[in-house]
Amino acid sequence: MDYPGEQVAESLVRAGITHVVWLPDSALGPWETAFDRSSSLDLVRVCREGEAWAIAAGLCLGGKSPLVMIQNTGLFESGDALRNVLFDLRLPLLAVIGYRSYLVPDSTDSARRFTEPILAAWGLDYILIQHPDELPKMTAHLQACRQANKPGVVLVAEGRM
Amino acid sequence: MSRAPSRMPLVPALQVLIVLREERIVVTTMGAAREWPKLAQHALDFHYVPSAMGEAPALGLGLALSKPQREVLIVNGDGGMLMNLGSLVTIVASGCRNITLVVLENGIFEVTGGQQTAAARAQARAQVDLAGMARGAGFANVHAFQRLDAWQREAAAILEQPGPRFITLAVEPVVDWQLNAPGPMSERLARFKAALAAV
């Protein structure tokens, strides 16, 4: 599903996001140009997903409103960093996570199988969007989590890796 | 004639930074987080305990990006640095210049009882050069010290050089200790956030 990058960027700005800290996959990656062009978003590129949570933590402590943007495989990779900043530091960080293989019928991809159980295990408030028309839903969820001062996740349904 | 020591004691090495930190935001972890709060307190100190090991440079980068007009000093361990070498590239790629990353290099994981790092094992075969890695990642100024007197002599000038800066300090290992948080995280974070808000 192709999400116009400009609409995604605008949706994040409307949600109050100041920084996108990311390691994209092939579905999120096309948004790069729009993020770079946005005068309201700063894009921070990381080498490994754990860094993204810690950088977002520092930004949050400094008064900014960052968003972590990674694939679900990166969610698995970055579990300890997530655990530390959300539960030890109790920071209300937000994330948009690419949900690899969600749109593949009868997928046997283990990345698909474990995504929602892991978010549930962390106790994270998440929603799923499956179509660009649902971007307002993403904005609303991020805004609601910010107002409630709690972490939140938006899963973006994807096809194959 | 006795050989010159190849490592410096940790506490005097940290005291050099404590004297020079001025109004920098300071992030410490592991051995530095154990000793620093016993030596000095400042509202802009964040002793990252409990941490996600390896993530102190990243957390410091986030602080530096949020406060571009303020210098950030990160004091990391070599075990943590090895866990997240990519953060060297991330720091440089961010364009952030207000960062100094100091790595205390003792060759062991102190917190788990003194086991050798992979780099320490590798030293027997080939030199593992964290400073060289930082240089290769594009750090503007990179320095490595083994002797305390040299570190004491040169530190002030190094901290005035253009960032990002990377400094390794070869320090004597300390074993048989506990890493305890210097107070409840919620209280420490509230103080730290309040101090940051005033910056």
# chains A, B, ... in the order shown; residues from 1 in each chain; ligands from 1
>>> residues_around(residues="Arg188 in chain B", least_positions_apart="2", cutoff="12 Å", atoms="only C-alpha atoms", output="short mmCIF file (atom, residue, chain, number, x, y, z; two decimals) with N, CA and C atoms, in the first residue's frame")
data_model
loop_
_atom_site.label_atom_id
_atom_site.label_comp_id
_atom_site.auth_asym_id
_atom_site.auth_seq_id
_atom_site.Cartn_x
_atom_site.Cartn_y
_atom_site.Cartn_z
N LEU A 61 13.32 13.91 26.92
CA LEU A 61 13.78 14.56 28.16
C LEU A 61 14.10 16.03 27.90
N ASP A 88 11.62 1.72 32.71
CA ASP A 88 12.53 2.24 33.75
C ASP A 88 12.44 3.76 33.81
N LEU A 89 12.53 4.38 32.63
CA LEU A 89 12.50 5.85 32.59
C LEU A 89 11.07 6.39 32.50
N PRO B 37 28.57 10.47 40.95
CA PRO B 37 27.68 11.10 41.94
C PRO B 37 28.27 11.15 43.35
N GLN B 41 27.71 16.71 42.41
CA GLN B 41 26.31 16.70 41.96
C GLN B 41 26.02 17.99 41.20
N HIS B 42 25.21 17.84 40.18
CA HIS B 42 24.81 18.99 39.37
C HIS B 42 23.43 18.68 38.80
N ALA B 43 22.60 19.69 38.69
CA ALA B 43 21.23 19.46 38.21
C ALA B 43 21.20 18.91 36.79
N LEU B 44 22.25 19.16 36.02
CA LEU B 44 22.28 18.68 34.63
C LEU B 44 23.01 17.35 34.48
N ASP B 45 23.17 16.63 35.59
CA ASP B 45 23.75 15.28 35.53
C ASP B 45 22.62 14.26 35.38
N PHE B 46 22.83 13.31 34.49
CA PHE B 46 21.93 12.15 34.45
C PHE B 46 22.78 10.89 34.52
N HIS B 47 22.68 10.21 35.65
CA HIS B 47 23.40 8.95 35.83
C HIS B 47 22.47 7.83 35.37
N TYR B 48 22.81 7.26 34.23
CA TYR B 48 21.90 6.37 33.48
C TYR B 48 21.96 4.95 34.06
N VAL B 49 21.28 4.82 35.21
CA VAL B 49 21.18 3.54 35.93
C VAL B 49 19.76 3.42 36.47
N PRO B 50 18.99 2.41 36.12
CA PRO B 50 19.31 1.33 35.19
C PRO B 50 19.29 1.83 33.74
N ALA B 181 21.66 2.41 41.67
CA ALA B 181 21.15 3.71 41.20
C ALA B 181 21.30 4.73 42.32
N PRO B 182 21.75 5.94 41.97
CA PRO B 182 21.90 6.97 43.01
C PRO B 182 20.58 7.65 43.34
N GLY B 183 19.58 6.86 43.70
CA GLY B 183 18.27 7.40 44.05
C GLY B 183 17.21 6.90 43.09
N PRO B 184 15.95 7.09 43.47
CA PRO B 184 14.85 6.63 42.61
C PRO B 184 14.87 7.33 41.25
N MET B 185 14.65 6.57 40.20
CA MET B 185 14.68 7.12 38.85
C MET B 185 13.66 8.25 38.68
N SER B 186 12.45 8.06 39.23
CA SER B 186 11.41 9.07 39.01
C SER B 186 11.84 10.43 39.59
N ALA B 190 12.81 13.73 37.30
CA ALA B 190 12.04 14.97 37.48
C ALA B 190 12.99 16.16 37.67
N ARG B 191 14.04 15.96 38.47
CA ARG B 191 15.02 17.04 38.67
C ARG B 191 15.76 17.35 37.37
N PHE B 192 16.12 16.29 36.67
CA PHE B 192 16.88 16.47 35.42
C PHE B 192 16.04 17.19 34.38
N LYS B 193 14.79 16.78 34.23
CA LYS B 193 13.91 17.41 33.25
C LYS B 193 13.67 18.88 33.59
N ALA B 194 13.52 19.16 34.87
CA ALA B 194 13.32 20.55 35.28
C ALA B 194 14.55 21.39 34.94
N ALA B 195 15.73 20.81 35.17
CA ALA B 195 16.97 21.55 34.86
C ALA B 195 17.10 21.74 33.35
#
>>> closest_atom_pairs(of="chain A", to="chain B", cutoff="8 Å", atoms="only C-alpha atoms", output="Markdown table")
| residue | atom | partner | partner_atom | distance |
| --- | --- | --- | --- | --- |
| A:Val44 | CA | B:Ser94 | CA | 6.3 |
| A:Arg45 | CA | B:Thr90 | CA | 6.7 |
| A:Val46 | CA | B:Thr90 | CA | 5.4 |
| A:Cys47 | CA | B:Gly86 | CA | 5.4 |
| A:Arg48 | CA | B:Gly86 | CA | 7.1 |
| A:Gly50 | CA | B:Glu55 | CA | 7.4 |
| A:Glu51 | CA | B:Ala58 | CA | 5.5 |
| A:Ala52 | CA | B:Ala58 | CA | 7.6 |
| A:Ala54 | CA | B:Leu59 | CA | 4.6 |
| A:Ile55 | CA | B:Gly62 | CA | 4.2 |
| A:Ala56 | CA | B:Gly62 | CA | 6.0 |
| A:Ala57 | CA | B:Leu59 | CA | 6.2 |
| A:Gly58 | CA | B:Gly62 | CA | 3.9 |
| A:Leu59 | CA | B:Gly62 | CA | 4.4 |
| A:Cys60 | CA | B:Gly62 | CA | 7.9 |
| A:Leu61 | CA | B:Lys193 | CA | 5.8 |
| A:Gly62 | CA | B:Ser66 | CA | 5.2 |
| A:Gly63 | CA | B:Ser66 | CA | 7.0 |
| A:Lys64 | CA | B:Ser66 | CA | 6.4 |
| A:Asp80 | CA | B:Ala52 | CA | 6.0 |
| A:Ala81 | CA | B:Ala52 | CA | 5.2 |
| A:Asn84 | CA | B:Ala52 | CA | 5.7 |
| A:Asp88 | CA | B:Pro50 | CA | 7.0 |
| A:Leu89 | CA | B:Met185 | CA | 6.7 |
>>> residues_around(residues="range 65-70 of chain A", least_positions_apart="4", cutoff="7 Å", atoms="only C-alpha atoms", output="PyMOL selection string")
chain A and resi 16-24+49+52-53+56+59-60+74-75+93-98
>>> write_last_selection(atoms="N, CA and C atoms", output="CSV table (one decimal), in the first residue's frame")
chain,number,residue,atom,x,y,z
A,16,GLY,N,1.8,16.7,16.4
A,16,GLY,CA,2.7,17.4,17.3
A,16,GLY,C,4.2,16.8,17.3
A,17,ILE,N,4.4,15.9,16.4
A,17,ILE,CA,5.8,15.3,16.3
A,17,ILE,C,6.8,16.3,15.8
A,18,THR,N,8.0,16.3,16.5
A,18,THR,CA,9.0,17.2,16.0
A,18,THR,C,10.2,16.4,15.4
A,19,HIS,N,10.4,15.2,15.8
A,19,HIS,CA,11.5,14.4,15.2
A,19,HIS,C,11.1,13.0,14.9
A,20,VAL,N,11.5,12.5,13.7
A,20,VAL,CA,11.3,11.1,13.4
A,20,VAL,C,12.7,10.4,13.5
A,21,VAL,N,12.8,9.5,14.4
A,21,VAL,CA,14.0,8.7,14.6
A,21,VAL,C,13.8,7.4,13.9
A,22,TRP,N,14.5,7.1,12.8
A,22,TRP,CA,14.1,5.9,12.0
A,22,TRP,C,15.2,5.1,11.5
A,23,LEU,N,14.7,3.8,11.2
A,23,LEU,CA,15.5,2.9,10.4
A,23,LEU,C,14.4,2.2,9.6
A,24,PRO,N,14.2,2.7,8.4
A,24,PRO,CA,13.0,2.3,7.6
A,24,PRO,C,13.1,0.9,6.9
A,49,GLU,N,18.0,-0.4,15.6
A,49,GLU,CA,16.8,0.1,16.1
A,49,GLU,C,16.8,0.5,17.6
A,52,ALA,N,17.3,4.0,18.3
A,52,ALA,CA,16.2,4.9,18.0
A,52,ALA,C,15.4,5.2,19.3
A,53,TRP,N,15.2,4.2,20.1
A,53,TRP,CA,14.4,4.4,21.4
A,53,TRP,C,15.2,5.3,22.3
A,56,ALA,N,15.3,8.9,21.0
A,56,ALA,CA,14.0,9.5,21.3
A,56,ALA,C,13.8,9.8,22.8
A,59,LEU,N,15.6,13.1,23.3
A,59,LEU,CA,14.8,14.2,22.8
A,59,LEU,C,13.6,14.5,23.7
A,60,CYS,N,13.0,13.5,24.2
A,60,CYS,CA,11.8,13.6,25.0
A,60,CYS,C,12.2,14.3,26.3
A,74,GLY,N,12.6,-4.7,13.6
A,74,GLY,CA,13.4,-3.8,14.5
A,74,GLY,C,12.8,-3.7,15.9
A,75,LEU,N,11.5,-3.8,16.0
A,75,LEU,CA,10.9,-3.9,17.3
A,75,LEU,C,11.4,-5.0,18.1
A,93,LEU,N,6.9,7.5,25.0
A,93,LEU,CA,7.4,7.6,23.6
A,93,LEU,C,6.4,6.9,22.6
A,94,LEU,N,6.4,7.5,21.4
A,94,LEU,CA,5.5,7.0,20.4
A,94,LEU,C,6.3,6.3,19.3
A,95,ALA,N,5.6,5.4,18.6
A,95,ALA,CA,6.2,4.7,17.5
A,95,ALA,C,5.2,4.4,16.4
A,96,VAL,N,5.8,4.5,15.1
A,96,VAL,CA,5.1,3.9,14.0
A,96,VAL,C,5.9,2.7,13.5
A,97,ILE,N,5.2,1.6,13.4
A,97,ILE,CA,6.0,0.3,13.2
A,97,ILE,C,5.4,-0.4,11.9
A,98,GLY,N,6.3,-0.6,11.0
A,98,GLY,CA,5.8,-1.3,9.8
A,98,GLY,C,5.5,-2.8,10.1
>>> select_by_dssp(residues="range 121-162 of chain B", states="helix (DSSP H, G or I)", output="PyMOL selection string")
chain B and resi 121-122+130-137+148-159
>>> select_by_dssp(residues="range 9-119 of chain B", states="strand (DSSP E)", output="ChimeraX atom specification")
/B:25-28,45-47,72-77,99-105,108-109,115-116
>>> closest_residue(among="B:Gly77, B:Pro12, B:Gly113, B:Pro162", to="Ala32 in chain B", atoms="only C-alpha atoms")
B:Gly77
>>> residues_around(residues="Ser38 in chain A", least_positions_apart="5", cutoff="9 Å", atoms="only C-alpha atoms", output="ChimeraX atom specification")
/A:6,9-10,33
